[in-house]
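Trainee: File follows, entry07.cif with mmCIF, C-alpha atoms:
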```cif
data_model
loop_
_atom_site.label_atom_id
_atom_site.label_comp_id
_atom_site.auth_asym_id
_atom_site.auth_seq_id
_atom_site.Cartn_x
_atom_site.Cartn_y
_atom_site.Cartn_z
CA MET L 674 0.00 0.00 0.00
CA SER L 675 1.25 3.47 -0.82
CA LEU L 676 0.47 6.67 1.06
CA ARG L 677 1.51 10.19 0.03
CA LEU L 678 0.68 13.72 1.22
CA ILE L 679 0.47 16.23 -1.63
CA PRO L 680 0.02 20.01 -1.33
CA TYR L 681 -3.09 21.10 -3.27
CA LEU L 682 -3.47 24.78 -4.20
CA VAL L 683 -7.02 26.01 -4.82
CA MET L 684 -7.27 29.20 -6.89
CA ASP L 685 -10.17 31.53 -7.65
CA GLY L 686 -10.25 31.38 -11.45
CA ASN L 687 -6.53 32.03 -11.98
CA ALA L 688 -5.14 28.49 -11.69
CA ASN L 689 -3.83 28.56 -15.29
CA GLU L 690 -1.84 31.70 -14.49
CA ALA L 691 -0.54 30.17 -11.23
CA ILE L 692 0.44 26.95 -13.00
CA GLN L 693 2.48 28.87 -15.58
CA PHE L 694 4.08 30.96 -12.83
CA TYR L 695 5.11 27.95 -10.71
CA LYS L 696 6.13 25.99 -13.81
CA GLU L 697 8.67 28.69 -14.67
CA ALA L 698 9.65 29.74 -11.13
CA LEU L 699 10.21 26.17 -9.92
CA ASP L 700 11.34 24.62 -13.21
CA ALA L 701 8.37 22.27 -12.95
CA GLN L 702 6.82 19.97 -15.52
CA LEU L 703 3.07 20.02 -16.21
CA LEU L 704 1.95 16.36 -16.11
CA PHE L 705 -1.82 16.79 -16.31
CA ILE L 706 -4.47 19.49 -16.67
CA GLN L 707 -8.24 19.25 -17.14
CA SER L 708 -10.85 22.00 -17.18
CA PHE L 709 -14.35 21.63 -15.77
CA GLY L 710 -15.55 21.79 -19.39
CA GLU L 711 -13.47 18.70 -20.28
CA MET L 712 -14.99 16.57 -17.52
CA PRO L 713 -17.85 14.15 -18.28
CA GLU L 714 -21.19 15.99 -18.35
CA ASN L 715 -23.74 15.40 -15.62
CA PRO L 716 -27.27 16.22 -16.85
CA GLU L 717 -28.43 16.65 -13.24
CA PHE L 718 -25.91 19.45 -12.71
CA PRO L 719 -25.45 21.49 -15.92
CA LEU L 720 -22.12 23.28 -16.08
CA PRO L 721 -22.38 27.10 -16.06
CA ALA L 722 -20.54 28.80 -18.94
CA GLU L 723 -18.21 30.65 -16.54
CA ALA L 724 -16.96 27.31 -15.16
CA LYS L 725 -15.96 25.66 -18.44
CA GLU L 726 -12.46 27.17 -18.71
CA ARG L 727 -11.62 26.92 -15.01
CA VAL L 728 -9.12 24.23 -13.99
CA ALA L 729 -10.78 21.20 -12.40
CA HIS L 730 -7.45 19.49 -11.70
CA ALA L 731 -3.80 19.91 -12.64
CA LEU L 732 -0.58 18.21 -11.58
CA LEU L 733 2.91 19.71 -11.65
CA LYS L 734 6.07 17.72 -10.95
CA VAL L 735 8.51 19.88 -8.98
CA GLY L 736 11.73 17.93 -8.62
CA GLU L 737 10.67 14.77 -6.75
CA THR L 738 7.44 16.35 -5.46
CA ASP L 739 3.92 16.62 -6.82
CA LEU L 740 1.97 19.87 -6.58
CA MET L 741 -1.73 19.86 -7.43
CA PHE L 742 -4.01 22.71 -8.48
CA SER L 743 -7.63 23.53 -9.17
CA ASP L 744 -9.90 26.52 -9.40
CA THR L 745 -12.93 26.96 -7.21
CA PHE L 746 -16.23 26.25 -8.88
CA PRO L 747 -18.05 29.55 -9.58
CA GLY L 748 -19.96 30.56 -6.47
CA GLN L 749 -17.75 28.63 -4.03
CA PRO L 750 -16.18 30.82 -1.37
CA HIS L 751 -12.48 31.53 -1.70
CA HIS L 752 -10.39 33.55 0.72
CA SER L 753 -6.87 33.54 2.06
CA GLY L 754 -6.46 30.50 4.26
CA ASN L 755 -8.57 28.01 2.32
CA GLN L 756 -6.55 27.90 -0.87
CA VAL L 757 -4.08 25.30 0.39
CA THR L 758 -5.32 21.80 1.22
CA ILE L 759 -3.53 18.49 1.65
CA CYS L 760 -4.33 15.64 -0.70
CA ILE L 761 -3.84 12.24 0.93
CA SER L 762 -3.29 9.74 -1.86
CA THR L 763 -3.44 5.99 -1.36
CA ASN L 764 -4.05 2.98 -3.57
CA ASP L 765 -6.27 1.18 -1.03
CA LYS L 766 -10.00 2.02 -0.73
CA ASN L 767 -10.18 0.59 2.80
CA ARG L 768 -7.25 2.74 3.95
CA SER L 769 -8.87 5.79 2.33
CA LYS L 770 -12.06 5.10 4.30
CA GLN L 771 -10.12 4.67 7.57
CA ILE L 772 -8.29 7.98 7.05
CA TYR L 773 -11.48 9.78 5.99
CA ASP L 774 -13.44 8.47 9.00
CA ALA L 775 -10.63 9.40 11.41
CA LEU L 776 -10.19 12.94 10.07
CA GLN L 777 -13.90 13.77 10.13
CA GLN L 778 -14.14 13.10 13.92
CA GLY L 779 -15.00 16.51 15.37
CA GLY L 780 -14.64 18.05 11.91
CA GLN L 781 -16.86 18.70 8.93
CA VAL L 782 -17.55 16.71 5.77
CA ASN L 783 -17.23 18.89 2.65
CA MET L 784 -17.78 15.99 0.23
CA PRO L 785 -18.74 12.44 1.23
CA LEU L 786 -16.25 9.70 0.37
CA GLN L 787 -17.61 8.29 -2.90
CA GLU L 788 -16.77 6.85 -6.28
CA THR L 789 -16.10 9.50 -8.95
CA HIS L 790 -15.09 9.42 -12.60
CA PHE L 791 -11.46 9.86 -11.52
CA SER L 792 -11.24 7.78 -8.33
CA PRO L 793 -12.87 4.71 -6.79
CA ALA L 794 -13.06 6.60 -3.45
CA TYR L 795 -12.68 10.38 -3.16
CA GLY L 796 -13.88 12.78 -0.49
CA ILE L 797 -13.08 16.07 1.22
CA VAL L 798 -13.11 16.65 4.96
CA GLN L 799 -12.10 19.53 7.20
CA ASP L 800 -10.64 18.25 10.46
CA LYS L 801 -11.34 19.67 13.91
CA PHE L 802 -8.36 22.02 13.53
CA GLY L 803 -9.72 23.59 10.33
CA VAL L 804 -7.29 21.80 7.99
CA THR L 805 -8.91 20.56 4.77
CA PHE L 806 -7.90 17.15 3.42
CA GLN L 807 -8.79 15.61 0.08
CA ILE L 808 -8.78 11.82 0.30
CA PHE L 809 -7.89 10.40 -3.11
CA THR L 810 -7.76 6.71 -3.94
CA GLU L 811 -5.56 5.93 -6.93
CA GLY L 812 -6.79 3.53 -9.55
CA GLN L 813 -9.67 3.11 -11.94
CA GLN L 814 -13.29 3.33 -11.00
CA ALA L 815 -14.53 0.14 -9.45
#
```
Translate this structure into structure tokens?

Mentor:
Amino acid sequence: MSLRLIPYLVMDGNANEAIQFYKEALDAQLLFIQSFGEMPENPEFPLPAEAKERVAHALLKVGETDLMFSDTFPGQPHHSGNQVTICISTNDKNRSKQIYDALQQGGQVNMPLQETHFSPAYGIVQDKFGVTFQIFTEGQQA
């Protein structure tokens, strides 16, 4: 089983600009980028036009370290202090659930741990100290 902690920077519509900045400043390599408009459509939640070009997820390789990015979805609050989260990445769904359950004790669930188009188990929780964690299970959808 693998387990990694990855800094995740959340921007307010300027993730593309930040990615280019950090790419040059840190001599980083862009490994992946996807906009909200490139994600599979969900007829139950139509995508607003202003969201289509925003970054849903991006990954930079900085030396030996990963650095992840996204933009907020239009209408989501964004202020200094909530733009940096920690992504806990594992390749074991059971371990993801254990971590998620432990971190939510006394905290707040922002997104229930669930299967998504990009992960067999993904969720977001803010712990009792106000630190936001994204729990990401590597691998294909189950």

Trainee: For L:Asp685, which of L:Glu726, L:Glu697, L:Asp744, L:Glu711 is the closest residue, counting all atoms listed in the file?

Mentor: L:Asp744

Trainee: Using all atoms listed in the file, which protein or nucleic acid residues come within 10 Å of L:Asp765? Drop anything in the same chain fewer than 2 positions from it, and give the result as JSON, numbers by chain.

Mentor: {"L": [674, 675, 676, 762, 763, 767, 768, 769, 770, 793, 794, 809, 810, 811, 812]}

Trainee: With all atoms listed in the file as the basis for distance, which of L:Pro721, L:Pro785, L:Leu740, L:Val728 is at the shortest distance from L:Glu690?

Mentor: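 Residue with the minimum atom-to-atom distance to L:Glu690: L:Val728.
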
Trainee: One decimal, Å: what's the distance from atom CA of L:Pro719 over to atom CA of L:Val782, could you say?

Mentor: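 So the two atoms, atom CA of L:Pro719 and atom CA of L:Val782, lie 23.6 Å apart.
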
Trainee: Please determine, counting all atoms listed in the file, which residue among L:Asp774, L:Phe694, L:Ser743, L:Phe709 has the shortest atom-to-atom distance to L:Glu723.

Mentor: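 Among the listed residues, L:Phe709 lies closest to L:Glu723.
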
Trainee: Could you check the closest approach to L:Ile808 for each of L:Ile706, L:Thr758, L:Arg727, L:Gln781 and tell me which residue wins, using all atoms listed in the file?

Mentor: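 Of all the options, L:Thr758 lies closest to L:Ile808.
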
Trainee: Which residues fall under the PyMOL selection byres ((chain L and resi 682-684) around 7) in this file, as a short mmCIF file (atom, residue, chain, number, x, y, z; two decimals) with C-alpha atoms, in the coordinates of the input?

Mentor:
```cif
data_model
loop_
_atom_site.label_atom_id
_atom_site.label_comp_id
_atom_site.auth_asym_id
_atom_site.auth_seq_id
_atom_site.Cartn_x
_atom_site.Cartn_y
_atom_site.Cartn_z
CA PRO L 680 0.02 20.01 -1.33
CA TYR L 681 -3.09 21.10 -3.27
CA ASP L 685 -10.17 31.53 -7.65
CA GLY L 686 -10.25 31.38 -11.45
CA ASN L 687 -6.53 32.03 -11.98
CA ALA L 688 -5.14 28.49 -11.69
CA MET L 741 -1.73 19.86 -7.43
CA PHE L 742 -4.01 22.71 -8.48
CA SER L 743 -7.63 23.53 -9.17
CA ASP L 744 -9.90 26.52 -9.40
CA THR L 745 -12.93 26.96 -7.21
CA GLN L 756 -6.55 27.90 -0.87
CA VAL L 757 -4.08 25.30 0.39
CA THR L 758 -5.32 21.80 1.22
#
```

Trainee: When distances are computed from only C-alpha atoms, which of L:Ile679, L:Val735, L:Leu704, L:Val798 shows the smallest separation from L:Gly779?

Mentor: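 Smallest separation from L:Gly779 among the options: L:Val798.
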
Trainee: Record the distance separating atom CA of L:Pro716 and atom CA of L:Pro747, expressed in Å with one decimal.

Mentor: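 These atoms are spaced 17.8 Å apart.
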
Trainee: What does the distance from atom CA of L:Ala724 to atom CA of L:Gly796 come to in Å, to one decimal?

Mentor: 20.9 Å
